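Novice: First, the structure itself, so that you have it in front of you.
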Amino acid sequence: MKVMVGGTFDPLHDGHKKLLGRSFELAGPGGLVIIGLTTDTFAGRKTHPVRPYRDRKRDLEEYLASSDSAADWYIEPLADRFGSALEADFDALVVSEETLPIGVEINRLRREKNKKKVDIHQITCVLAEDGRWISSTRIHRGEIDAHGHLMR
């Protein structure tokens, strides 16, 4: 199965790892996971600082190389909310609770372009010790670490 997923992945935290894990699980042995990694320009719209694309890509590649997946993968630049998902031939899109509306919009736009609908698989966000979502914003603020442990 061919699966797409996207994000900024800075820093790579347990929520991202769950998102990626589900993507690889769906792809299965011999499948392919296409990971859209936000470009510096697109990621610059975040409310917190984001490390350069090359550094985020390197960290993502190191994590993926150390994982035990039978699926292949590659990383492509994601310059907007949709990337290649509007035109690409793929089977499934993995999203979080936060990004589900983008997945729904992708299918709507694909339909307008006479492209096949893709399955949307939503993961639940990983919670930190305080019961709130683990997020890059919270990590950058120093509230939690990448595993959701409280820092204050």
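Residues in the structure tokens are named by chain (A, B, ... in the order shown) and by number from 1 within that chain; ligands are numbered from 1 in the order shown.
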Can you tell me, as a PyMOL selection string, what residues are no more than 9 Å from Ile34 in chain A when counting only C-alpha atoms, ignoring any on the same chain fewer than 6 positions away?

Specialist: chain A and resi 2-6+72-76

Novice: Nearest residue to Ser67 in chain A out of A:Gly21, A:Pro52, A:Leu100, A:Arg45, using only C-alpha atoms?

Specialist: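 Counting only C-alpha atoms, the residue closest to Ser67 in chain A is A:Gly21.
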
Novice: Name all residues at most 8 Å from range 129-137 of chain A (count only C-alpha atoms; drop same-chain ones fewer than 3 positions away) and give them as number ranges by chain.

Specialist: A: 9-11, 13-15, 47-48, 125-126, 140-141, 144, 146-150

Novice: Using the selection just defined, write its residues with N, CA and C atoms as a CSV table (one decimal), in the first residue's frame.

Specialist:
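The result, stored in selection33.csv:
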```
chain,number,residue,atom,x,y,z
A,9,PHE,N,7.7,18.2,11.9
A,9,PHE,CA,8.6,17.3,12.6
A,9,PHE,C,9.7,18.0,13.3
A,10,ASP,N,9.4,19.0,14.0
A,10,ASP,CA,10.4,19.8,14.7
A,10,ASP,C,9.9,20.3,16.1
A,11,PRO,N,10.4,19.7,17.1
A,11,PRO,CA,11.3,18.5,17.2
A,11,PRO,C,10.4,17.3,17.0
A,13,HIS,N,8.7,14.3,18.0
A,13,HIS,CA,8.2,13.9,19.4
A,13,HIS,C,7.4,12.7,19.3
A,14,ASP,N,6.9,12.2,20.4
A,14,ASP,CA,6.2,10.9,20.5
A,14,ASP,C,4.9,11.0,19.6
A,15,GLY,N,4.3,12.1,19.5
A,15,GLY,CA,3.1,12.2,18.6
A,15,GLY,C,3.5,12.0,17.2
A,47,THR,N,4.2,29.6,14.8
A,47,THR,CA,4.3,30.6,15.8
A,47,THR,C,5.6,30.5,16.6
A,48,HIS,N,6.3,29.4,16.4
A,48,HIS,CA,7.6,29.2,17.1
A,48,HIS,C,8.7,29.0,16.1
A,125,CYS,N,-4.2,12.0,19.1
A,125,CYS,CA,-2.9,12.7,19.6
A,125,CYS,C,-2.4,12.1,20.8
A,126,VAL,N,-1.1,12.1,21.0
A,126,VAL,CA,-0.5,11.5,22.2
A,126,VAL,C,-0.6,12.6,23.3
A,140,HIS,N,8.6,23.7,22.5
A,140,HIS,CA,9.4,25.0,22.3
A,140,HIS,C,9.2,26.0,23.4
A,141,ARG,N,8.0,26.0,24.0
A,141,ARG,CA,7.8,26.8,25.1
A,141,ARG,C,8.4,26.4,26.4
A,144,ILE,N,6.9,20.9,28.1
A,144,ILE,CA,7.1,19.5,28.1
A,144,ILE,C,8.3,19.1,27.3
A,146,ALA,N,10.0,16.0,24.6
A,146,ALA,CA,9.5,15.3,23.4
A,146,ALA,C,8.6,14.0,23.7
A,147,HIS,N,8.7,13.6,25.0
A,147,HIS,CA,7.9,12.5,25.5
A,147,HIS,C,6.7,12.9,26.3
A,148,GLY,N,6.5,14.2,26.4
A,148,GLY,CA,5.3,14.6,27.2
A,148,GLY,C,5.6,14.8,28.7
A,149,HIS,N,6.8,14.7,29.1
A,149,HIS,CA,7.1,14.9,30.5
A,149,HIS,C,7.1,16.3,30.8
A,150,LEU,N,6.5,16.7,31.9
A,150,LEU,CA,6.5,18.1,32.3
A,150,LEU,C,7.8,18.7,32.7
```

Novice: Give the strand (DSSP E) residues of range 29-91 of chain A, as assigned by DSSP on the backbone, as a list in words.

Specialist: Leu32, Val33, Ile34, Ile35, Gly36, Leu37, Thr38, Asp72, Trp73, Tyr74, Ile75, Glu76, Pro77 and Leu78 of chain A

Novice: In terms of the shortest atom-to-atom distance over only C-alpha atoms, which of A:Ala43, A:Ala70, A:Ala85, A:Val118 is closest to Gly28 in chain A?

Specialist: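 Among the listed residues, the smallest separation from Gly28 in chain A belongs to A:Ala70.
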
Novice: From the set A:Ile35, A:Leu20, A:Met1, A:Ala65, which residue has the shortest atom-to-atom contact distance to Ser96 in chain A, counting only C-alpha atoms?

Specialist: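 The closest residue to Ser96 in chain A is A:Leu20.
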
Novice: Could you write out, as a short mmCIF file (atom, residue, chain, number, x, y, z; two decimals) with N, CA and C atoms, in the first residue's frame, all the residues of range 7-80 of chain A that DSSP marks as helix (DSSP H, G or I)?

Specialist:
```cif
data_model
loop_
_atom_site.label_atom_id
_atom_site.label_comp_id
_atom_site.auth_asym_id
_atom_site.auth_seq_id
_atom_site.Cartn_x
_atom_site.Cartn_y
_atom_site.Cartn_z
N ASP A 14 6.92 12.19 20.42
CA ASP A 14 6.17 10.93 20.48
C ASP A 14 4.90 10.96 19.64
N GLY A 15 4.27 12.12 19.49
CA GLY A 15 3.10 12.23 18.63
C GLY A 15 3.46 11.98 17.18
N HIS A 16 4.59 12.55 16.75
CA HIS A 16 5.06 12.32 15.38
C HIS A 16 5.40 10.84 15.18
N LYS A 17 6.01 10.24 16.18
CA LYS A 17 6.40 8.83 16.07
C LYS A 17 5.17 7.94 15.94
N LYS A 18 4.09 8.29 16.63
CA LYS A 18 2.84 7.53 16.50
C LYS A 18 2.28 7.70 15.08
N LEU A 19 2.30 8.91 14.57
CA LEU A 19 1.82 9.21 13.21
C LEU A 19 2.61 8.40 12.18
N LEU A 20 3.92 8.43 12.30
CA LEU A 20 4.78 7.69 11.38
C LEU A 20 4.59 6.18 11.54
N GLY A 21 4.49 5.73 12.78
CA GLY A 21 4.29 4.30 13.04
C GLY A 21 3.03 3.77 12.38
N ARG A 22 1.95 4.54 12.50
CA ARG A 22 0.69 4.13 11.86
C ARG A 22 0.83 4.12 10.34
N SER A 23 1.56 5.07 9.80
CA SER A 23 1.79 5.12 8.35
C SER A 23 2.50 3.87 7.87
N PHE A 24 3.53 3.46 8.58
CA PHE A 24 4.28 2.27 8.19
C PHE A 24 3.48 1.00 8.41
N GLU A 25 2.68 0.99 9.46
CA GLU A 25 1.81 -0.16 9.72
C GLU A 25 0.82 -0.35 8.56
N LEU A 26 0.22 0.73 8.11
CA LEU A 26 -0.72 0.66 7.00
C LEU A 26 -0.02 0.25 5.70
N ALA A 27 1.15 0.81 5.45
CA ALA A 27 1.87 0.51 4.21
C ALA A 27 2.20 -0.98 4.13
N ASP A 40 11.22 25.24 4.47
CA ASP A 40 11.53 26.34 5.39
C ASP A 40 10.52 27.47 5.25
N THR A 41 10.12 27.79 4.03
CA THR A 41 9.17 28.88 3.81
C THR A 41 7.82 28.55 4.43
N PHE A 42 7.31 27.35 4.18
CA PHE A 42 6.00 26.96 4.72
C PHE A 42 6.06 26.81 6.24
N ALA A 43 7.13 26.24 6.75
CA ALA A 43 7.28 26.06 8.20
C ALA A 43 7.47 27.39 8.90
N TYR A 53 15.19 23.01 7.11
CA TYR A 53 14.71 21.79 6.45
C TYR A 53 15.76 20.69 6.49
N ARG A 54 16.99 21.01 6.12
CA ARG A 54 18.03 19.98 6.04
C ARG A 54 18.27 19.31 7.40
N ASP A 55 18.18 20.07 8.49
CA ASP A 55 18.38 19.50 9.83
C ASP A 55 17.19 18.62 10.22
N ARG A 56 15.98 19.08 9.93
CA ARG A 56 14.78 18.29 10.23
C ARG A 56 14.76 17.02 9.40
N LYS A 57 15.17 17.13 8.13
CA LYS A 57 15.21 15.96 7.26
C LYS A 57 16.23 14.95 7.77
N ARG A 58 17.39 15.43 8.17
CA ARG A 58 18.44 14.54 8.68
C ARG A 58 17.94 13.78 9.91
N ASP A 59 17.30 14.48 10.85
CA ASP A 59 16.79 13.83 12.06
C ASP A 59 15.71 12.80 11.72
N LEU A 60 14.85 13.15 10.79
CA LEU A 60 13.79 12.24 10.36
C LEU A 60 14.39 11.00 9.70
N GLU A 61 15.37 11.20 8.84
CA GLU A 61 16.03 10.08 8.18
C GLU A 61 16.71 9.17 9.19
N GLU A 62 17.36 9.75 10.20
CA GLU A 62 18.02 8.94 11.23
C GLU A 62 17.00 8.11 12.00
N TYR A 63 15.89 8.74 12.35
CA TYR A 63 14.85 8.02 13.08
C TYR A 63 14.28 6.88 12.22
N LEU A 64 13.96 7.17 10.97
CA LEU A 64 13.38 6.16 10.09
C LEU A 64 14.36 5.02 9.82
N ALA A 65 15.63 5.34 9.67
CA ALA A 65 16.64 4.30 9.43
C ALA A 65 16.78 3.37 10.63
N SER A 66 16.51 3.89 11.82
CA SER A 66 16.64 3.07 13.03
C SER A 66 15.36 2.29 13.34
#
```

Novice: Which residue gives the smallest distance to Glu143 in chain A among A:Val50, A:Ala128, A:Ala79, A:Ile123, with only C-alpha atoms counted?

Specialist: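 That would be A:Ala128, the residue with the smallest distance to Glu143 in chain A.
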
Novice: Which of these residues is nearest to Asp68 in chain A, using only C-alpha atoms: A:Gly142, A:Gly44, A:Pro101, A:Pro29?

Specialist: A:Pro29

Novice: Hey, which of A:Leu32, A:Val94, A:Leu86, A:Leu78 ends up closest to Lys117 in chain A? Count only C-alpha atoms.

Specialist: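 Smallest distance to Lys117 in chain A is found for A:Leu86.
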